[in-house]
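Below: structure_15.txt (compact mmCIF, C-alpha atoms)
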# COMPACT_ATOMS: atom_id res chain seq x y z
CA MET L 1 88.59 111.05 75.73
CA ILE L 2 91.42 108.76 76.67
CA ILE L 3 91.07 105.99 79.25
CA ARG L 4 94.23 105.07 81.09
CA THR L 5 95.28 103.34 84.28
CA THR L 6 95.08 105.61 87.33
CA THR L 7 98.36 106.57 89.00
CA LEU L 8 98.99 107.63 92.57
CA GLY L 9 99.72 111.09 91.18
CA ASP L 10 96.08 111.22 90.04
CA LEU L 11 94.79 110.49 93.55
CA PRO L 12 93.94 114.08 94.64
CA ALA L 13 91.98 114.75 91.42
CA VAL L 14 90.31 111.33 91.62
CA MET L 15 89.18 111.91 95.20
CA ASP L 16 87.78 115.30 94.12
CA LEU L 17 85.79 113.55 91.36
CA TYR L 18 84.36 111.09 93.90
CA ARG L 19 83.41 113.84 96.38
CA GLU L 20 81.75 115.89 93.63
CA ALA L 21 79.82 112.84 92.42
CA GLN L 22 78.84 111.94 95.96
CA ALA L 23 77.45 115.45 96.55
CA ARG L 24 75.43 115.30 93.30
CA MET L 25 74.05 111.87 94.28
CA MET L 26 73.00 113.04 97.73
CA ALA L 27 71.39 116.19 96.29
CA ALA L 28 69.39 113.97 93.92
CA GLY L 29 68.21 111.75 96.79
CA ASN L 30 70.55 108.87 95.99
CA PRO L 31 72.28 107.66 99.19
CA GLN L 32 74.38 105.10 97.29
CA TRP L 33 77.68 106.53 98.53
CA PRO L 34 77.54 107.53 102.20
CA ALA L 35 79.98 110.11 103.58
CA GLY L 36 83.57 109.04 103.05
CA TRP L 37 82.77 106.40 100.41
CA PRO L 38 84.66 105.46 98.46
CA SER L 39 87.51 105.88 100.89
CA GLU L 40 90.97 106.98 99.83
CA GLU L 41 92.23 103.64 101.13
CA LYS L 42 89.86 101.77 98.76
CA ILE L 43 90.96 103.89 95.81
CA ARG L 44 94.63 103.36 96.67
CA GLU L 45 93.92 99.62 96.70
CA ASP L 46 92.23 99.86 93.27
CA ILE L 47 95.27 101.74 91.93
CA ARG L 48 97.73 99.27 93.48
CA ARG L 49 95.88 96.33 91.91
CA GLY L 50 95.68 98.03 88.51
CA ASN L 51 91.86 98.13 88.63
CA SER L 52 91.36 101.91 88.58
CA TYR L 53 91.01 103.88 85.37
CA VAL L 54 90.64 107.57 84.64
CA LEU L 55 89.04 109.29 81.67
CA GLU L 56 91.09 112.20 80.48
CA ALA L 57 89.69 114.85 78.16
CA GLU L 58 91.79 117.02 75.93
CA SER L 59 91.34 120.77 76.39
CA ASP L 60 89.57 121.13 73.03
CA GLU L 61 86.97 118.54 74.11
CA LEU L 62 86.10 120.68 77.13
CA GLY L 63 86.48 124.05 75.48
CA THR L 64 88.66 125.31 78.33
CA GLY L 65 91.84 126.00 76.40
CA GLU L 66 93.71 124.41 79.29
CA GLY L 67 95.63 121.14 79.26
CA PRO L 68 94.08 117.71 79.56
CA SER L 69 91.96 117.12 82.66
CA LEU L 70 90.45 114.16 84.43
CA VAL L 71 86.70 114.02 83.85
CA GLY L 72 85.89 110.55 85.16
CA VAL L 73 87.09 107.54 87.09
CA PHE L 74 85.99 103.93 87.55
CA ALA L 75 87.22 100.56 88.73
CA PHE L 76 87.02 97.38 86.66
CA VAL L 77 87.80 94.14 88.44
CA LEU L 78 88.18 90.82 86.63
CA GLY L 79 87.16 87.77 88.62
CA ASP L 80 84.54 86.88 91.17
CA GLU L 81 82.88 89.66 93.15
CA PRO L 82 82.09 88.28 96.64
CA THR L 83 78.90 90.35 97.00
CA TYR L 84 77.55 88.75 93.81
CA ALA L 85 77.68 85.20 95.20
CA VAL L 86 74.08 85.52 96.40
CA ILE L 87 71.42 87.11 94.22
CA GLU L 88 67.77 87.43 95.21
CA ASP L 89 64.60 87.76 93.11
CA GLY L 90 66.45 86.68 89.99
CA ALA L 91 69.60 84.98 88.78
CA TRP L 92 72.77 85.65 86.85
CA PRO L 93 72.32 84.46 83.25
CA ASN L 94 75.52 82.38 83.39
CA ASP L 95 78.44 81.38 85.55
CA GLU L 96 81.11 82.28 83.01
CA PRO L 97 84.11 84.39 84.09
CA TYR L 98 83.17 88.06 84.34
CA GLY L 99 84.42 91.52 85.18
CA THR L 100 82.69 93.97 87.49
CA LEU L 101 82.37 97.70 86.93
CA HIS L 102 82.53 99.64 90.21
CA ARG L 103 82.76 103.21 91.50
CA VAL L 104 82.00 105.21 88.34
CA ALA L 105 82.21 108.96 88.87
CA SER L 106 82.41 111.97 86.62
CA ASN L 107 82.94 115.68 87.02
CA GLY L 108 79.29 116.20 86.10
CA LYS L 109 80.21 118.32 83.07
CA ALA L 110 81.76 115.93 80.57
CA ARG L 111 79.30 113.90 78.51
CA GLY L 112 79.72 110.19 77.80
CA VAL L 113 81.80 109.11 80.80
CA MET L 114 79.60 106.14 81.69
CA GLN L 115 79.25 105.14 78.04
CA ALA L 116 83.03 105.20 77.57
CA ALA L 117 83.57 103.17 80.76
CA LEU L 118 81.05 100.51 79.65
CA GLU L 119 82.60 100.20 76.20
CA PHE L 120 86.09 99.94 77.67
CA CYS L 121 85.06 97.19 80.10
CA GLU L 122 83.20 95.25 77.40
CA ARG L 123 86.36 95.24 75.26
CA LEU L 124 88.35 93.75 78.16
CA CYS L 125 85.80 91.07 79.06
CA PRO L 126 82.74 89.75 77.18
CA ASN L 127 80.80 89.25 80.45
CA VAL L 128 80.29 92.44 82.50
CA ARG L 129 78.35 92.81 85.73
CA VAL L 130 77.47 96.02 87.55
CA ASP L 131 75.18 97.08 90.37
CA THR L 132 73.55 100.32 91.41
CA HIS L 133 71.27 101.77 94.04
CA GLU L 134 67.53 101.51 93.41
CA THR L 135 67.27 105.32 93.34
CA ASN L 136 69.99 105.73 90.72
CA SER L 137 67.62 105.93 87.77
CA ALA L 138 70.20 107.62 85.53
CA MET L 139 72.57 104.64 85.90
CA GLN L 140 69.73 102.16 85.40
CA HIS L 141 68.68 103.96 82.23
CA ILE L 142 72.15 103.95 80.66
CA LEU L 143 72.68 100.29 81.57
CA GLU L 144 69.38 99.23 79.98
CA LYS L 145 70.04 101.46 76.95
CA ASN L 146 73.35 99.60 76.49
CA GLY L 147 71.81 96.13 76.60
CA TYR L 148 72.40 95.29 80.26
CA GLN L 149 69.82 92.94 81.69
CA TYR L 150 68.40 93.40 85.19
CA CYS L 151 69.23 90.14 87.01
CA GLY L 152 68.04 90.62 90.61
CA ARG L 153 69.11 92.11 93.92
CA ILE L 154 72.49 91.74 95.62
CA TYR L 155 73.76 93.18 98.89
CA VAL L 156 77.00 95.14 99.15
CA GLU L 157 79.48 94.88 102.04
CA ASP L 158 77.50 97.18 104.34
CA GLY L 159 74.35 95.09 103.80
CA THR L 160 72.44 97.55 101.63
CA PRO L 161 70.64 96.23 98.54
CA ARG L 162 71.61 97.03 94.96
CA ARG L 163 70.04 96.33 91.59
CA ALA L 164 72.32 93.92 89.70
CA TYR L 165 72.82 93.92 85.93
CA GLN L 166 74.81 91.89 83.42
CA LYS L 167 75.70 92.12 79.76
CA GLY L 168 77.39 89.41 77.78
CA GLY L 169 76.88 85.71 77.69
CA ILE L 170 73.12 86.25 77.90
CA THR L 171 71.12 83.74 75.92
Show this structure as structure tokens.
Amino acid sequence: MIIRTTTLGDLPAVMDLYREAQARMMAAGNPQWPAGWPSEEKIREDIRRGNSYVLEAESDELGTGEGPSLVGVFAFVLGDEPTYAVIEDGAWPNDEPYGTLHRVASNGKARGVMQAALEFCERLCPNVRVDTHETNSAMQHILEKNGYQYCGRIYVEDGTPRRAYQKGGIT
């Protein structure tokens, strides 16, 4: 798999990835992404800021015999995340500069999308933070498996709680 910066030309395929992931989440009882989230406007903003990345698989990786295809997408933002300013029932392990992994989605068929996104982000910044819905046990499992420490609860823009994790700079 190759990870590269998302282009506006990728937008239709990226939005399809998000809608597919959203449907799988809802079917599994995870309301983390309500209808219409993430919005096309938010993804365009990620692309414009250079924070959106796609994972592209070669045809031989997928066994399709077709050309490369997008199998995943995520945003990685360096700098302070406003919703992380307040954390309850815990604390961030440090106040060092960090990057935040957001909006990870896959096509549901390719293996290793989350793992590749985590490794990519960790290479860009030694301090990585991420949050997820309390019902997203798959995400929690992969974060803990990769050495991410549960730090407490934060609230996203719409006021709903999320489990917050960090890796790097932990003593």
**Q.** Point-to-point distance in Å for CA of Gln140 in chain L and CA of Gly29 in chain L
**A.** 15.0 Å
Considering all atoms listed in the file, tabulate each residue of range 49-165 of chain L that lies at most 6 Å from range 1-7 of chain L along with its nearest interatomic pair and the corresponding distance in Å to one decimal; arrange the rows by chain and ascending residue number and present them as CSV.
residue,atom,partner,partner_atom,distance
L:Ser52,CA,L:Thr6,CA,5.4
L:Tyr53,CA,L:Thr5,CA,4.4
L:Val54,CA,L:Thr6,CA,5.5
L:Leu55,CA,L:Ile3,CA,4.6
L:Glu56,CA,L:Ile2,CA,5.1
L:Ala57,CA,L:Met1,CA,4.6
Q) Which residue out of L:Thr100, L:Ser39, L:Asn136, L:Gln149 has the minimum interatomic distance to Thr83 in chain L when all atoms listed in the file are used? A) L:Thr100
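With all atoms listed in the file as the basis for measurement, L:Glu157 is the residue among L:Glu157, L:Trp37, L:Arg163, L:His102 that approaches Pro82 in chain L most closely.
If all atoms listed in the file are the atoms counted, then among L:Ala13, L:Val77, L:Val104, L:Ala164 the closest residue to Pro38 in chain L is L:Val104.
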Q: Can you work out which one of L:Thr132, L:Ile154, L:Arg103, L:Trp92 has the shortest atom-to-atom distance to Gln166 in chain L, counting all atoms listed in the file?
A: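 Among the listed residues, the smallest separation from Gln166 in chain L belongs to L:Trp92.
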Q: Work out how far apart CA of Arg49 in chain L and CA of Tyr150 in chain L are and give it in Å to one decimal.
A: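 These atoms are spaced 28.4 Å apart.
Nearest to Met139 in chain L of all the residues L:Met114, L:Ile87, L:Ile43, L:Ala27 is L:Met114, counting all atoms listed in the file.
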Q.
What does the structure give for the distance between CA of Lys109 in chain L and CA of Tyr18 in chain L, in Å to one decimal?
A. 13.7 Å
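Minimum distance to Gly72 in chain L across L:Pro97, L:Gly9, L:Gly36, L:Gly112 (counting all atoms listed in the file) occurs at L:Gly112.
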6 Å per side around range 146-153 of chain L: axis-aligned box centre and edge lengths, as lines of an AutoDock Vina configuration file:
center_x = 70.7
center_y = 94.9
center_z = 85.2
size_x = 17.3
size_y = 21.5
size_z = 29.4
